[in-house]
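J.: Got structure_4.txt for you, compact mmCIF, C-alpha atoms:
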# COMPACT_ATOMS: atom_id res chain seq x y z
CA MET A 14 -96.67 126.70 -22.74
CA LEU A 15 -96.11 124.24 -19.92
CA LEU A 16 -96.53 125.36 -16.31
CA THR A 17 -94.40 123.46 -13.78
CA ILE A 18 -94.99 123.83 -10.03
CA ASP A 19 -92.76 122.60 -7.20
CA ILE A 20 -94.55 122.92 -3.86
CA GLY A 21 -92.17 122.95 -0.91
CA ASN A 22 -92.71 123.58 2.77
CA THR A 23 -91.81 127.28 2.47
CA ASN A 24 -92.41 128.27 -1.16
CA MET A 25 -94.28 127.21 -4.26
CA VAL A 26 -92.03 127.68 -7.30
CA PHE A 27 -93.69 128.14 -10.70
CA GLY A 28 -91.82 127.62 -13.98
CA ILE A 29 -93.04 128.65 -17.43
CA PHE A 30 -91.70 126.63 -20.36
CA GLN A 31 -91.87 127.19 -24.08
CA GLU A 32 -90.72 123.88 -25.53
CA GLU A 33 -87.55 123.03 -23.55
CA LYS A 34 -86.70 126.60 -22.51
CA MET A 35 -87.84 128.06 -19.21
CA VAL A 36 -88.86 131.62 -20.06
CA GLY A 37 -90.00 132.69 -16.59
CA SER A 38 -90.37 131.66 -12.98
CA PHE A 39 -91.84 133.04 -9.77
CA ARG A 40 -92.44 132.06 -6.15
CA LEU A 41 -95.43 132.21 -3.84
CA SER A 42 -95.43 131.43 -0.14
CA THR A 43 -96.77 128.00 0.75
CA LYS A 44 -99.80 128.54 2.98
CA SER A 45 -102.04 125.66 3.94
CA THR A 46 -104.95 128.08 4.42
CA ALA A 47 -104.67 129.73 0.99
CA THR A 48 -107.75 129.38 -1.21
CA SER A 49 -107.73 128.58 -4.91
CA ASP A 50 -108.70 132.17 -5.66
CA GLU A 51 -105.80 133.60 -3.66
CA ILE A 52 -103.33 131.38 -5.46
CA GLY A 53 -104.92 131.84 -8.86
CA ILE A 54 -105.11 135.63 -8.68
CA LEU A 55 -101.46 135.94 -7.64
CA ALA A 56 -100.32 133.59 -10.41
CA VAL A 57 -102.37 135.46 -13.01
CA ALA A 58 -100.92 138.77 -11.79
CA TYR A 59 -97.43 137.47 -12.52
CA PHE A 60 -98.43 136.44 -16.02
CA GLU A 61 -99.95 139.86 -16.71
CA ARG A 62 -96.97 141.72 -15.23
CA PHE A 63 -94.52 140.06 -17.60
CA GLY A 64 -96.73 139.97 -20.67
CA TYR A 65 -97.61 136.28 -20.72
CA LYS A 66 -101.11 135.02 -21.47
CA THR A 67 -102.73 132.44 -19.21
CA GLU A 68 -104.57 130.99 -22.19
CA ASP A 69 -101.21 130.06 -23.71
CA VAL A 70 -100.70 127.51 -20.92
CA LYS A 71 -101.69 124.17 -22.40
CA ALA A 72 -100.54 121.85 -19.64
CA CYS A 73 -99.35 121.80 -16.03
CA ILE A 74 -97.40 119.36 -13.87
CA ILE A 75 -96.98 119.55 -10.08
CA ALA A 76 -94.63 117.99 -7.54
CA SER A 77 -95.60 118.59 -3.92
CA VAL A 78 -94.44 117.65 -0.43
CA VAL A 79 -97.34 119.57 1.19
CA PRO A 80 -100.58 117.59 0.81
CA GLN A 81 -102.60 120.29 2.59
CA VAL A 82 -102.35 122.74 -0.32
CA MET A 83 -102.98 120.32 -3.17
CA TYR A 84 -106.73 120.83 -3.41
CA SER A 85 -106.39 124.62 -3.56
CA ILE A 86 -103.49 124.67 -6.05
CA THR A 87 -105.11 122.12 -8.34
CA SER A 88 -108.41 124.01 -8.29
CA ALA A 89 -106.58 127.28 -8.97
CA ILE A 90 -104.91 125.89 -12.08
CA ILE A 91 -108.21 124.52 -13.38
CA LYS A 92 -110.15 127.75 -12.71
CA TYR A 93 -107.57 130.33 -13.78
CA PHE A 94 -105.57 128.51 -16.47
CA GLY A 95 -108.17 126.11 -17.84
CA VAL A 96 -106.01 122.97 -17.63
CA GLU A 97 -106.03 119.96 -15.34
CA PRO A 98 -102.56 119.44 -13.86
CA LEU A 99 -100.72 116.16 -13.71
CA VAL A 100 -99.45 115.39 -10.21
CA VAL A 101 -96.20 113.45 -9.83
CA GLY A 102 -96.72 110.54 -7.49
CA THR A 103 -100.49 110.50 -8.04
CA ASP A 104 -101.13 110.70 -11.79
CA VAL A 105 -97.64 109.86 -13.03
CA ASP A 106 -94.51 108.26 -11.58
CA ALA A 107 -91.19 110.09 -11.70
CA GLY A 108 -89.58 106.96 -13.14
CA LEU A 109 -86.69 106.66 -10.71
CA GLN A 110 -85.28 103.19 -10.02
CA PHE A 111 -84.51 102.21 -6.43
CA ASP A 112 -82.03 99.85 -4.85
CA PRO A 113 -84.01 96.89 -3.41
CA ARG A 114 -82.64 97.69 0.05
CA CYS A 115 -83.89 101.25 -0.21
CA TYR A 116 -87.25 103.02 -0.31
CA GLU A 117 -90.20 101.86 -2.26
CA THR A 118 -91.10 104.51 -4.82
CA GLY A 119 -93.78 106.14 -2.71
CA ARG A 120 -91.51 106.66 0.28
CA LEU A 121 -89.15 109.24 -1.26
CA GLY A 122 -90.26 112.86 -1.56
CA VAL A 123 -91.38 113.45 -5.12
CA ASP A 124 -89.28 116.61 -5.42
CA ARG A 125 -86.17 114.54 -4.68
CA ALA A 126 -87.14 111.91 -7.24
CA VAL A 127 -87.74 114.67 -9.80
CA ASN A 128 -84.29 116.12 -9.08
CA CYS A 129 -82.67 112.73 -9.60
CA ILE A 130 -84.42 112.20 -12.93
CA ALA A 131 -83.31 115.64 -14.10
CA ALA A 132 -79.71 115.02 -13.04
CA ILE A 133 -79.59 111.64 -14.79
CA LYS A 134 -80.64 113.26 -18.05
CA LYS A 135 -78.67 116.50 -17.72
CA TYR A 136 -75.40 115.31 -16.21
CA GLY A 137 -75.35 111.52 -16.13
CA ALA A 138 -74.74 109.23 -13.16
CA PRO A 139 -73.16 108.63 -10.71
CA PHE A 140 -73.96 111.76 -8.74
CA ILE A 141 -74.92 113.25 -5.42
CA ILE A 142 -77.54 116.00 -5.17
CA LEU A 143 -77.70 118.44 -2.28
CA ASP A 144 -80.99 120.35 -2.14
CA PHE A 145 -80.82 123.35 0.18
CA GLY A 146 -84.40 124.12 1.16
CA THR A 147 -86.36 124.19 4.41
CA ALA A 148 -84.70 120.83 4.95
CA THR A 149 -81.38 119.95 3.37
CA THR A 150 -81.44 116.63 1.58
CA LEU A 151 -78.71 114.55 0.01
CA ASP A 152 -79.54 111.96 -2.64
CA ALA A 153 -77.14 109.49 -4.26
CA VAL A 154 -77.56 107.70 -7.59
CA ASN A 155 -75.03 105.10 -8.72
CA ALA A 156 -73.52 104.49 -12.15
CA GLU A 157 -76.49 102.27 -13.09
CA ASN A 158 -78.95 105.16 -12.54
CA ILE A 159 -80.27 103.53 -9.37
CA TYR A 160 -81.12 105.52 -6.25
CA VAL A 161 -79.17 104.06 -3.35
CA GLY A 162 -79.96 106.37 -0.43
CA GLY A 163 -79.60 109.80 1.07
CA THR A 164 -79.87 112.04 4.11
CA ILE A 165 -82.32 114.57 5.56
CA GLY A 166 -81.27 117.36 7.90
CA PRO A 167 -82.39 120.82 8.99
CA GLY A 168 -81.95 123.57 6.45
CA LEU A 169 -79.56 126.46 7.06
CA ARG A 170 -82.35 128.92 7.88
CA VAL A 171 -84.00 126.39 10.18
CA SER A 172 -80.71 125.99 12.05
CA LEU A 173 -80.33 129.75 12.45
CA ASP A 174 -83.97 130.14 13.53
CA ALA A 175 -83.53 127.43 16.16
CA LEU A 176 -80.41 129.10 17.54
CA VAL A 177 -82.01 132.54 17.76
CA SER A 178 -85.30 131.29 19.19
CA LYS A 179 -83.60 129.29 21.95
CA THR A 180 -81.20 132.01 23.10
CA ALA A 181 -82.05 135.25 24.88
CA MET A 182 -79.24 137.49 23.64
CA LEU A 183 -78.26 136.28 20.18
CA PRO A 184 -79.58 138.38 17.25
CA ARG A 185 -80.86 137.22 13.88
CA VAL A 186 -78.12 137.77 11.30
CA GLU A 187 -77.73 137.73 7.54
CA LEU A 188 -76.72 134.35 6.19
CA GLN A 189 -73.23 134.90 4.80
CA MET A 190 -69.68 133.85 5.54
CA PRO A 191 -67.55 136.42 7.37
CA GLU A 192 -64.01 137.09 6.23
CA THR A 193 -62.57 134.91 8.97
CA ILE A 194 -63.79 131.92 10.96
CA LEU A 195 -62.57 133.63 14.12
CA GLY A 196 -65.32 136.23 14.25
CA ARG A 197 -64.50 139.61 15.78
CA ASN A 198 -67.99 140.32 17.08
CA THR A 199 -71.21 138.50 17.90
CA VAL A 200 -72.67 138.81 14.38
CA GLU A 201 -69.53 137.44 12.70
CA GLN A 202 -69.26 134.65 15.23
CA ILE A 203 -72.84 133.54 14.60
CA GLN A 204 -72.27 133.67 10.83
CA ALA A 205 -69.03 131.71 11.12
CA GLY A 206 -70.59 129.12 13.41
CA VAL A 207 -73.83 128.68 11.49
CA VAL A 208 -72.68 129.03 7.88
CA GLY A 209 -69.11 127.77 8.31
CA GLY A 210 -70.24 124.89 10.49
CA TYR A 211 -72.92 124.03 7.94
CA VAL A 212 -70.35 123.92 5.13
CA GLY A 213 -68.27 121.55 7.24
CA ASP A 214 -71.31 119.32 7.80
CA MET A 215 -71.96 119.21 4.05
CA GLU A 216 -68.35 118.36 3.25
CA TYR A 217 -68.45 115.45 5.69
CA LEU A 218 -71.67 114.12 4.18
CA ILE A 219 -70.36 114.50 0.63
CA ARG A 220 -67.10 112.67 1.36
CA ARG A 221 -68.84 109.88 3.25
CA ALA A 222 -71.52 109.49 0.56
CA ILE A 223 -68.93 109.30 -2.23
CA ARG A 224 -67.03 106.65 -0.28
CA GLU A 225 -70.19 104.61 0.28
CA LEU A 226 -71.22 104.92 -3.37
CA GLY A 227 -67.95 103.29 -4.34
CA CYS A 228 -68.01 104.92 -7.78
CA GLU A 229 -65.46 106.98 -9.68
CA ASP A 230 -66.14 110.47 -11.06
CA VAL A 231 -69.12 111.18 -8.81
CA LYS A 232 -70.65 114.52 -9.72
CA VAL A 233 -71.77 116.67 -6.79
CA ILE A 234 -74.73 118.88 -7.69
CA ALA A 235 -76.34 121.58 -5.55
CA THR A 236 -79.78 123.07 -5.97
CA GLY A 237 -82.21 125.06 -3.84
CA GLY A 238 -82.32 128.61 -2.58
CA LEU A 239 -79.04 128.64 -0.65
CA SER A 240 -77.03 126.43 -2.98
CA ARG A 241 -74.76 129.20 -4.29
CA LEU A 242 -73.94 130.43 -0.79
CA ILE A 243 -72.75 126.98 0.25
CA ALA A 244 -71.12 126.05 -3.06
CA GLN A 245 -68.86 129.08 -3.07
CA GLU A 246 -67.39 127.99 0.27
CA THR A 247 -66.35 124.48 -0.77
CA ASP A 248 -64.51 122.83 -3.64
CA LEU A 249 -66.53 119.62 -3.30
CA ILE A 250 -69.62 120.97 -5.09
CA ALA A 251 -69.01 120.97 -8.84
CA ILE A 252 -72.40 122.04 -10.22
CA VAL A 253 -74.99 124.55 -9.04
CA ASP A 254 -78.31 124.13 -10.87
CA SER A 255 -81.14 126.29 -9.60
CA SER A 256 -83.58 125.02 -12.26
CA LEU A 257 -83.02 121.30 -11.62
CA THR A 258 -86.51 120.58 -10.26
CA MET A 259 -88.24 122.64 -12.95
CA ASP A 260 -86.30 120.85 -15.69
CA GLY A 261 -87.12 117.50 -14.11
CA LEU A 262 -90.82 118.29 -14.08
CA ARG A 263 -90.69 119.27 -17.75
CA MET A 264 -88.89 116.03 -18.61
CA ILE A 265 -91.40 113.93 -16.70
CA TYR A 266 -94.28 115.73 -18.39
CA ASP A 267 -92.75 115.14 -21.83
CA GLU A 268 -92.67 111.41 -21.11
CA ASN A 269 -96.21 111.32 -19.67
CA ARG A 270 -98.07 113.95 -21.68
CA ASP A 271 -100.80 111.45 -22.58
CA ALA A 272 -101.49 110.52 -18.95
CA LYS A 273 -104.89 111.45 -17.56
CA PRO A 274 -104.98 113.52 -14.36
CA ILE A 275 -107.24 112.41 -11.54
CA GLU A 276 -110.38 114.53 -11.71
CA VAL A 277 -110.67 117.33 -9.15
CA LYS A 278 -114.06 118.94 -8.57
CA ASN A 279 -113.90 122.61 -9.59
CA ASP A 280 -115.64 124.57 -6.85
CA ASP A 281 -114.80 126.89 -3.99
CA GLU A 282 -113.12 125.64 -0.83
Now, as a test, write the supplied structure out as structure tokens.
T.:
Amino acid sequence: MLLTIDIGNTNMVFGIFQEEKMVGSFRLSTKSTATSDEIGILAVAYFERFGYKTEDVKACIIASVVPQVMYSITSAIIKYFGVEPLVVGTDVDAGLQFDPRCYETGRLGVDRAVNCIAAIKKYGAPFIILDFGTATTLDAVNAENIYVGGTIGPGLRVSLDALVSKTAMLPRVELQMPETILGRNTVEQIQAGVVGGYVGDMEYLIRRAIRELGCEDVKVIATGGLSRLIAQETDLIAIVDSSLTMDGLRMIYDENRDAKPIEVKNDDE
């Protein structure tokens, strides 16, 4: 088994692969104060709950945008699974090519590079990826498989949280589209403004990015926790792939399985 871990600002997503098939996945909250034992015990509990054996895990690969948790998560994998994880961006490179006018490799979030590698191999370029997480990112790869740029903006939940926290009377609402844009009460009006407005923002970015790419047949791919909510409200998103990052990590591991992870001392925090 291969264990893949994508560490985001809100959640750590774990994927369990047998060969090329993901047979299970689970999420833990990303907490900078979590110890290796806290993470390890929760991960082991998932394995036991669904009948998997931790000793069947033979390798692990991690992509992270939260440096503060890396010592604890790496130590947890070593102590509770008995393998030393490969870390994308530290032990291995994602392998994404960049336009000379764009970022150097180390400047792009590794999760975004992983997504691009997965999309190249699963769908082919050119494409645009929208990743709906704590932040919403857009990444564009041209027909030559070269990353040419992207955008970063607040995620949908972050936008709602900001609205509610800065207003005295507006309530927190469920993230969904109401039946009509012209909401008939405060809840519907917030939903229409936040979700509907967000869809409009995404459509503008997609159209502008496609125009700037200057390519034909650009695929628009959505991933992340709220991707289906947004995709069902627009015809511009053609593909929703919730496992894109996990698949990308597996692909990168397959190409770098002989790489040696940087040694991490195995002791308590």
J.: When you count all atoms listed in the file, which of these residues is closest to A:Gly53: A:Lys92, A:Arg185, A:Arg170, A:Arg221?
T.: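 Once distances to A:Gly53 are computed over all atoms listed in the file, the minimum belongs to A:Lys92.
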J.: Tell me which of A:Met25, A:Ala148, A:Val177, A:Leu188 sits closest to A:Ser45, counting all atoms listed in the file.
T.: A:Met25
J.: Using only C-alpha atoms, pick whichever of A:Val78, A:Leu121, A:Ala138, A:Leu218 has the shortest atom-to-atom distance to A:Asn158.
T.: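 When distances to A:Asn158 are compared using only C-alpha atoms, the smallest one comes from A:Ala138.
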J.: Return the single residue from A:Val100, A:Ile243, A:Val231, A:Ile52 that is closest to A:Gln189, with distances computed using all atoms listed in the file.
T.: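 Smallest distance to A:Gln189 is found for A:Ile243.
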J.: Kindly extract all protein, DNA and RNA residues lying within 6 Å of the coordinates (-65.3, 135.9, 15.3) given in the file, considering only C-alpha atoms, and supply them as a PyMOL selection string.
T.: chain A and resi 195-198+201-202
J.: Mind listing whatever residues come within 10 Å of the point (-96.0, 112.1, -19.6)? Use all atoms listed in the file, file coordinates, and give them as a ChimeraX atom specification.
T.: /A:74,99,101,104-107,262-273
J.: Between A:Gly213, A:Pro113, A:Gly168, A:Gly108, single out the one closest to A:Asn128, counting all atoms listed in the file.
T.: A:Gly108
J.: Let me make sure I understand: among A:Ser88, A:Ser38, A:Thr236, A:Gln81, which one has the smallest atom-to-atom distance to A:Phe63 if we use all atoms listed in the file?
T.: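 Among the listed residues, the smallest separation from A:Phe63 belongs to A:Ser38.
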J.: So the first atom is atom CA of A:Met215 and the second is atom CA of A:Leu173; what is the distance between them in Å, to one decimal place?
T.: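 Here the two named atoms are 15.9 Å from each other.
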J.: Taking 4 positions as the minimum chain separation for residues in the same chain, which residues sit within 6 Å of stretch 40-44 of chain A when counting all atoms listed in the file? Answer as a list in words.
T.: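 Result of the neighbour search: Thr23, Asn24, Met25 and Val26 of chain A.
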J.: Got a sec: who's within 10 Å of A:Gly227, counting all atoms listed in the file, leaving out chain neighbours fewer than 5 positions off, as an MDAnalysis selection string?
T.: chainID A and resid 139 155:156 222
J.: Would you mind reading off the distance between atom CA of A:Gly163 and atom CA of A:Ala175, one decimal, in Å?
T.: 23.5 Å
J.: Residues within 9 Å of A:Leu169, please, as a PyMOL selection string. Count only C-alpha atoms; anything in the same chain fewer than 6 positions from it doesn't count.
T.: chain A and resi 145-149+188+207-208+211+239
J.: How many Å lie between atom CA of A:Glu33 and atom CA of A:Leu257, rounded to one decimal?
T.: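 Result for atom CA of A:Glu33 versus atom CA of A:Leu257: 12.9 Å, one decimal.
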J.: Give me the residues within 10 Å of A:Lys134 as a list in words, counting only C-alpha atoms and dropping any in the same chain fewer than 2 places off.
T.: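 In the requested format, the answer is Cys129, Ile130, Ala131, Ala132, Tyr136, Gly137, Ala138, Asn158, Asp260, Gly261 and Met264 of chain A.
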J.: If the box runs along x, y and z of the file and leaves 6 Å on each side of stretch 144-150 of chain A, what are its centre and edge lengths in Å, one decimal, as JSON?
T.:
{"center_x": -83.6, "center_y": 120.4, "center_z": 1.4, "size_x": 17.5, "size_y": 19.6, "size_z": 19.1}
J.: Taking the block above, write stretch 153-171 of chain A with C-alpha atoms as a PDB file, in the first residue's frame.
T.:
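So decode-v1.pdb came out as:
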ATOM      1  CA  ALA A 153      -3.116  27.278 -16.301  1.00  0.00           C
ATOM      2  CA  VAL A 154      -0.989  24.868 -18.338  1.00  0.00           C
ATOM      3  CA  ASN A 155      -0.552  25.373 -22.080  1.00  0.00           C
ATOM      4  CA  ALA A 156      -0.545  22.830 -24.897  1.00  0.00           C
ATOM      5  CA  GLU A 157       3.192  22.210 -24.373  1.00  0.00           C
ATOM      6  CA  ASN A 158       2.595  21.093 -20.753  1.00  0.00           C
ATOM      7  CA  ILE A 159       4.154  24.297 -19.427  1.00  0.00           C
ATOM      8  CA  TYR A 160       2.737  26.166 -16.439  1.00  0.00           C
ATOM      9  CA  VAL A 161       2.070  29.749 -17.499  1.00  0.00           C
ATOM     10  CA  GLY A 162       0.417  31.328 -14.449  1.00  0.00           C
ATOM     11  CA  GLY A 163      -2.594  31.445 -12.197  1.00  0.00           C
ATOM     12  CA  THR A 164      -4.544  33.276  -9.520  1.00  0.00           C
ATOM     13  CA  ILE A 165      -5.038  33.106  -5.752  1.00  0.00           C
ATOM     14  CA  GLY A 166      -8.152  34.368  -4.005  1.00  0.00           C
ATOM     15  CA  PRO A 167     -10.149  33.798  -0.826  1.00  0.00           C
ATOM     16  CA  GLY A 168     -12.058  30.543  -0.637  1.00  0.00           C
ATOM     17  CA  LEU A 169     -15.844  30.489  -0.508  1.00  0.00           C
ATOM     18  CA  ARG A 170     -15.965  29.706   3.218  1.00  0.00           C
ATOM     19  CA  VAL A 171     -13.384  32.401   3.935  1.00  0.00           C
TER      20      VAL A 171
END
